[in-house]
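Contents: one structure, followed by commentary.
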Amino acid sequence: MPKSYWLMKSEEDVYSIRDLERDGKTSWEGVRNYEARNLMRDKMRVGDEVLFYHSNATPPGVAGLARIARKGYPDPFAFDEKSRYFDPRSHPDEPRWFMVDLEFVEAFPRMVSLEELRSTPGLGEMVLWKRSRLSIQPVTREDFGIIRKLGLRS
DNA sequence: GCCAACGTTGGC
DNA sequence: GCCAACGTTGGC
């Protein structure tokens, strides 16, 4: 099974690539969108590569790379009444929400802004353009390669 | 802070 | 099952 590529968004001031670098690894709790849930639950595999995207940032864009460290499993925060991610409709025996674990790969020496993504030839088919609000989206191997190269170029 | 886009909820 | 109301995302 070849690996897959993803783009995952995080608000920069909530959890940034630097936070992931510090932690080394983190769990991706709190996703409450069914399509994103399905991708984590059904499609992501350990070793898949991730573009770590800063949303609500100035500027927004891809800030680095991460990797899937654990495949989809029930989001325990949905069961925790004290959590802001609590959802009474999710039960341990029939969990509604799933998450994955993510590990740090690298922070780009140069973040690739949304504007740059827009103006880069070859990236015209990204899911980002049509499904801009989806916080977890598939990326083609080719697009991943283009963006990685842009980010690592100093 | 504004607001367009769009996913979700709930009445019917 | 439709669809209006509502809430959230995320760029600007």
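Chain labels A, B, ... are given in the sequence in which chains occur in the structure tokens; within each chain residues are numbered consecutively from 1, and ligands are likewise numbered from 1 in the order shown.
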Can you build me a table of chain B residues sitting at most 9 Å from chain A, with the closest atom pair per residue and its distance in Å to one decimal, using only C-alpha atoms (C1' of nucleotides), sorted by chain and residue number, as CSV?
```
residue,atom,partner,partner_atom,distance
B:DA5,C1',A:Arg133,CA,8.3
B:DC6,C1',A:Arg133,CA,8.0
B:DG7,C1',A:Asn33,CA,8.0
```
Q.
I need the residues in region 6-153 of chain A that are alpha helix (DSSP H) according to DSSP; give them as a PyMOL selection string.
A. chain A and resi 17-23+34-38+114-119+127-130+141-152
Keeping C-alpha atoms for every residue in the selection just given, could you write it to a file as a PDB file, in the first residue's frame?
```pdb
ATOM      1  CA  ILE A  17       4.305  23.738  13.787  1.00  0.00           C
ATOM      2  CA  ARG A  18       6.598  25.037  16.532  1.00  0.00           C
ATOM      3  CA  ASP A  19       4.335  23.502  19.145  1.00  0.00           C
ATOM      4  CA  LEU A  20       4.527  20.213  17.277  1.00  0.00           C
ATOM      5  CA  GLU A  21       8.295  20.520  17.062  1.00  0.00           C
ATOM      6  CA  ARG A  22       8.455  21.043  20.821  1.00  0.00           C
ATOM      7  CA  ASP A  23       6.095  18.137  21.539  1.00  0.00           C
ATOM      8  CA  TYR A  34     -17.790  14.148   9.146  1.00  0.00           C
ATOM      9  CA  GLU A  35     -15.713  14.251   6.014  1.00  0.00           C
ATOM     10  CA  ALA A  36     -12.535  14.978   7.925  1.00  0.00           C
ATOM     11  CA  ARG A  37     -13.517  12.289  10.428  1.00  0.00           C
ATOM     12  CA  ASN A  38     -13.941   9.749   7.646  1.00  0.00           C
ATOM     13  CA  LEU A 114      -1.648  30.645   0.569  1.00  0.00           C
ATOM     14  CA  GLU A 115      -0.915  33.397  -1.926  1.00  0.00           C
ATOM     15  CA  GLU A 116       2.134  31.528  -3.166  1.00  0.00           C
ATOM     16  CA  LEU A 117       0.168  28.285  -3.435  1.00  0.00           C
ATOM     17  CA  ARG A 118      -2.405  30.142  -5.504  1.00  0.00           C
ATOM     18  CA  SER A 119       0.134  31.490  -7.903  1.00  0.00           C
ATOM     19  CA  VAL A 127      -8.841  20.409  -2.851  1.00  0.00           C
ATOM     20  CA  LEU A 128      -8.053  23.637  -1.013  1.00  0.00           C
ATOM     21  CA  TRP A 129      -9.497  25.712  -3.829  1.00  0.00           C
ATOM     22  CA  LYS A 130     -12.905  24.101  -3.873  1.00  0.00           C
ATOM     23  CA  ARG A 141       1.855  13.064  -4.309  1.00  0.00           C
ATOM     24  CA  GLU A 142       2.786  15.547  -7.037  1.00  0.00           C
ATOM     25  CA  ASP A 143       1.335  18.567  -5.222  1.00  0.00           C
ATOM     26  CA  PHE A 144       2.971  17.453  -1.989  1.00  0.00           C
ATOM     27  CA  GLY A 145       6.307  17.313  -3.798  1.00  0.00           C
ATOM     28  CA  ILE A 146       5.907  20.770  -5.304  1.00  0.00           C
ATOM     29  CA  ILE A 147       4.987  22.347  -1.976  1.00  0.00           C
ATOM     30  CA  ARG A 148       7.726  20.545  -0.077  1.00  0.00           C
ATOM     31  CA  LYS A 149      10.269  21.851  -2.539  1.00  0.00           C
ATOM     32  CA  LEU A 150       8.981  25.402  -2.164  1.00  0.00           C
ATOM     33  CA  GLY A 151       9.177  25.189   1.605  1.00  0.00           C
ATOM     34  CA  LEU A 152      12.669  23.783   1.752  1.00  0.00           C
TER      35      LEU A 152
END
```
Q: Extract, using only C-alpha atoms (C1' of nucleotides), all DNA, RNA and protein residues at most 7 Å from Lys9 (chain A), discarding same-chain residues fewer than 2 positions from it, and format them as a list in words.
A: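 The filter keeps Leu7, Glu11, Phe52, Tyr53, His54, Ser55, Ser135 and Ile136 of chain A.
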Quick one: everything within 12 Å of DA4 (chain C), counting only C-alpha atoms (C1' of nucleotides), minus sequence neighbours fewer than 2 positions away in the same chain. Send it as an mmCIF file with N, CA and C atoms (P, O5', C5', C4', C3', O3' and C1' of nucleotides), in the first residue's frame.
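See result-v5.cif below for the written result:
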```
data_model
loop_
_atom_site.group_PDB
_atom_site.id
_atom_site.type_symbol
_atom_site.label_atom_id
_atom_site.label_comp_id
_atom_site.auth_asym_id
_atom_site.auth_seq_id
_atom_site.Cartn_x
_atom_site.Cartn_y
_atom_site.Cartn_z
ATOM 1 P P DT B 9 -25.284 18.062 13.331
ATOM 2 O "O5'" DT B 9 -26.612 18.915 13.499
ATOM 3 C "C5'" DT B 9 -26.529 20.191 14.115
ATOM 4 C "C4'" DT B 9 -27.909 20.797 14.161
ATOM 5 C "C3'" DT B 9 -29.000 19.839 14.636
ATOM 6 O "O3'" DT B 9 -29.671 20.500 15.687
ATOM 7 C "C1'" DT B 9 -29.613 20.840 12.567
ATOM 8 P P DG B 10 -30.741 19.765 16.587
ATOM 9 O "O5'" DG B 10 -32.106 20.206 15.919
ATOM 10 C "C5'" DG B 10 -32.389 21.590 15.736
ATOM 11 C "C4'" DG B 10 -33.680 21.702 14.972
ATOM 12 C "C3'" DG B 10 -34.727 20.663 15.384
ATOM 13 O "O3'" DG B 10 -35.995 21.285 15.292
ATOM 14 C "C1'" DG B 10 -34.312 20.456 13.106
ATOM 15 P P DG B 11 -37.211 20.848 16.201
ATOM 16 O "O5'" DG B 11 -38.409 21.603 15.500
ATOM 17 C "C5'" DG B 11 -38.213 22.927 15.011
ATOM 18 C "C4'" DG B 11 -39.033 23.131 13.762
ATOM 19 C "C3'" DG B 11 -40.423 22.498 13.798
ATOM 20 O "O3'" DG B 11 -41.332 23.416 13.221
ATOM 21 C "C1'" DG B 11 -39.214 21.639 11.952
ATOM 22 P P DC B 12 -42.917 23.236 13.425
ATOM 23 O "O5'" DC B 12 -43.364 22.489 12.103
ATOM 24 C "C5'" DC B 12 -43.297 23.209 10.848
ATOM 25 C "C4'" DC B 12 -43.364 22.227 9.719
ATOM 26 C "C3'" DC B 12 -44.445 21.166 9.865
ATOM 27 O "O3'" DC B 12 -45.672 21.657 9.320
ATOM 28 C "C1'" DC B 12 -42.430 20.328 8.856
ATOM 29 P P DC C 2 -35.159 15.866 -1.365
ATOM 30 O "O5'" DC C 2 -35.740 17.174 -0.696
ATOM 31 C "C5'" DC C 2 -37.150 17.416 -0.821
ATOM 32 C "C4'" DC C 2 -37.494 18.723 -0.158
ATOM 33 C "C3'" DC C 2 -36.533 19.868 -0.474
ATOM 34 O "O3'" DC C 2 -37.318 21.014 -0.725
ATOM 35 C "C1'" DC C 2 -36.653 19.550 1.872
ATOM 36 P P DC C 6 -32.364 31.547 13.461
ATOM 37 O "O5'" DC C 6 -31.025 30.727 13.638
ATOM 38 C "C5'" DC C 6 -31.110 29.353 14.041
ATOM 39 C "C4'" DC C 6 -29.736 28.748 13.982
ATOM 40 C "C3'" DC C 6 -28.633 29.683 14.500
ATOM 41 O "O3'" DC C 6 -28.017 29.041 15.585
ATOM 42 C "C1'" DC C 6 -28.004 28.643 12.456
#
```
Q. Which parts of region 17-147 of chain A does DSSP call strand (DSSP E) when run on the backbone here, written out as a PyMOL selection string?
A. chain A and resi 25-27+49-55+61-74+98-113+136-139
Expected file contents, prior selection, C-alpha atoms, as a short mmCIF file (atom, residue, chain, number, x, y, z; two decimals), in the first residue's frame:
```cif
data_model
loop_
_atom_site.label_atom_id
_atom_site.label_comp_id
_atom_site.auth_asym_id
_atom_site.auth_seq_id
_atom_site.Cartn_x
_atom_site.Cartn_y
_atom_site.Cartn_z
CA LYS A 25 4.13 14.14 18.68
CA THR A 26 0.53 15.09 19.34
CA SER A 27 -3.01 13.79 19.11
CA GLU A 49 2.90 12.47 5.06
CA VAL A 50 1.23 15.71 6.05
CA LEU A 51 1.46 19.33 5.04
CA PHE A 52 1.00 21.26 8.26
CA TYR A 53 -1.09 24.32 7.43
CA HIS A 54 -1.49 27.42 9.58
CA SER A 55 -4.97 28.86 9.29
CA GLY A 61 -0.02 28.81 4.54
CA VAL A 62 1.93 25.59 4.83
CA ALA A 63 4.42 25.91 7.69
CA GLY A 64 6.03 22.50 7.73
CA LEU A 65 5.74 18.75 7.49
CA ALA A 66 4.40 16.06 9.76
CA ARG A 67 3.68 12.37 9.59
CA ILE A 68 0.86 10.13 10.74
CA ALA A 69 2.13 8.29 13.81
CA ARG A 70 -1.02 6.41 14.76
CA LYS A 71 -4.01 5.51 12.65
CA GLY A 72 -7.55 6.58 13.43
CA TYR A 73 -8.95 5.81 16.89
CA PRO A 74 -11.92 7.13 18.88
CA PHE A 98 -12.05 9.82 15.57
CA MET A 99 -8.57 11.23 15.64
CA VAL A 100 -5.02 10.30 14.66
CA ASP A 101 -1.62 11.01 16.17
CA LEU A 102 0.80 13.22 14.31
CA GLU A 103 4.57 13.43 14.62
CA PHE A 104 6.85 16.30 13.75
CA VAL A 105 8.98 16.04 10.62
CA GLU A 106 10.23 19.54 9.98
CA ALA A 107 9.39 23.21 10.04
CA PHE A 108 9.91 24.89 6.68
CA PRO A 109 12.74 27.42 6.70
CA ARG A 110 10.34 29.46 4.61
CA MET A 111 6.60 29.08 4.98
CA VAL A 112 4.65 28.63 1.78
CA SER A 113 1.84 31.16 1.91
CA ILE A 136 -8.22 17.76 6.62
CA GLN A 137 -7.84 17.12 2.94
CA PRO A 138 -6.09 14.74 0.59
CA VAL A 139 -3.16 16.06 -1.42
#
```
Q) So what do you get for CA of Trp28 (chain A) versus CA of Pro60 (chain A), distance-wise? A) 19.5 Å
Q: One decimal, Å: what's the distance from CA of Asp48 (chain A) over to CA of Arg32 (chain A), could you say?
A: 21.4 Å
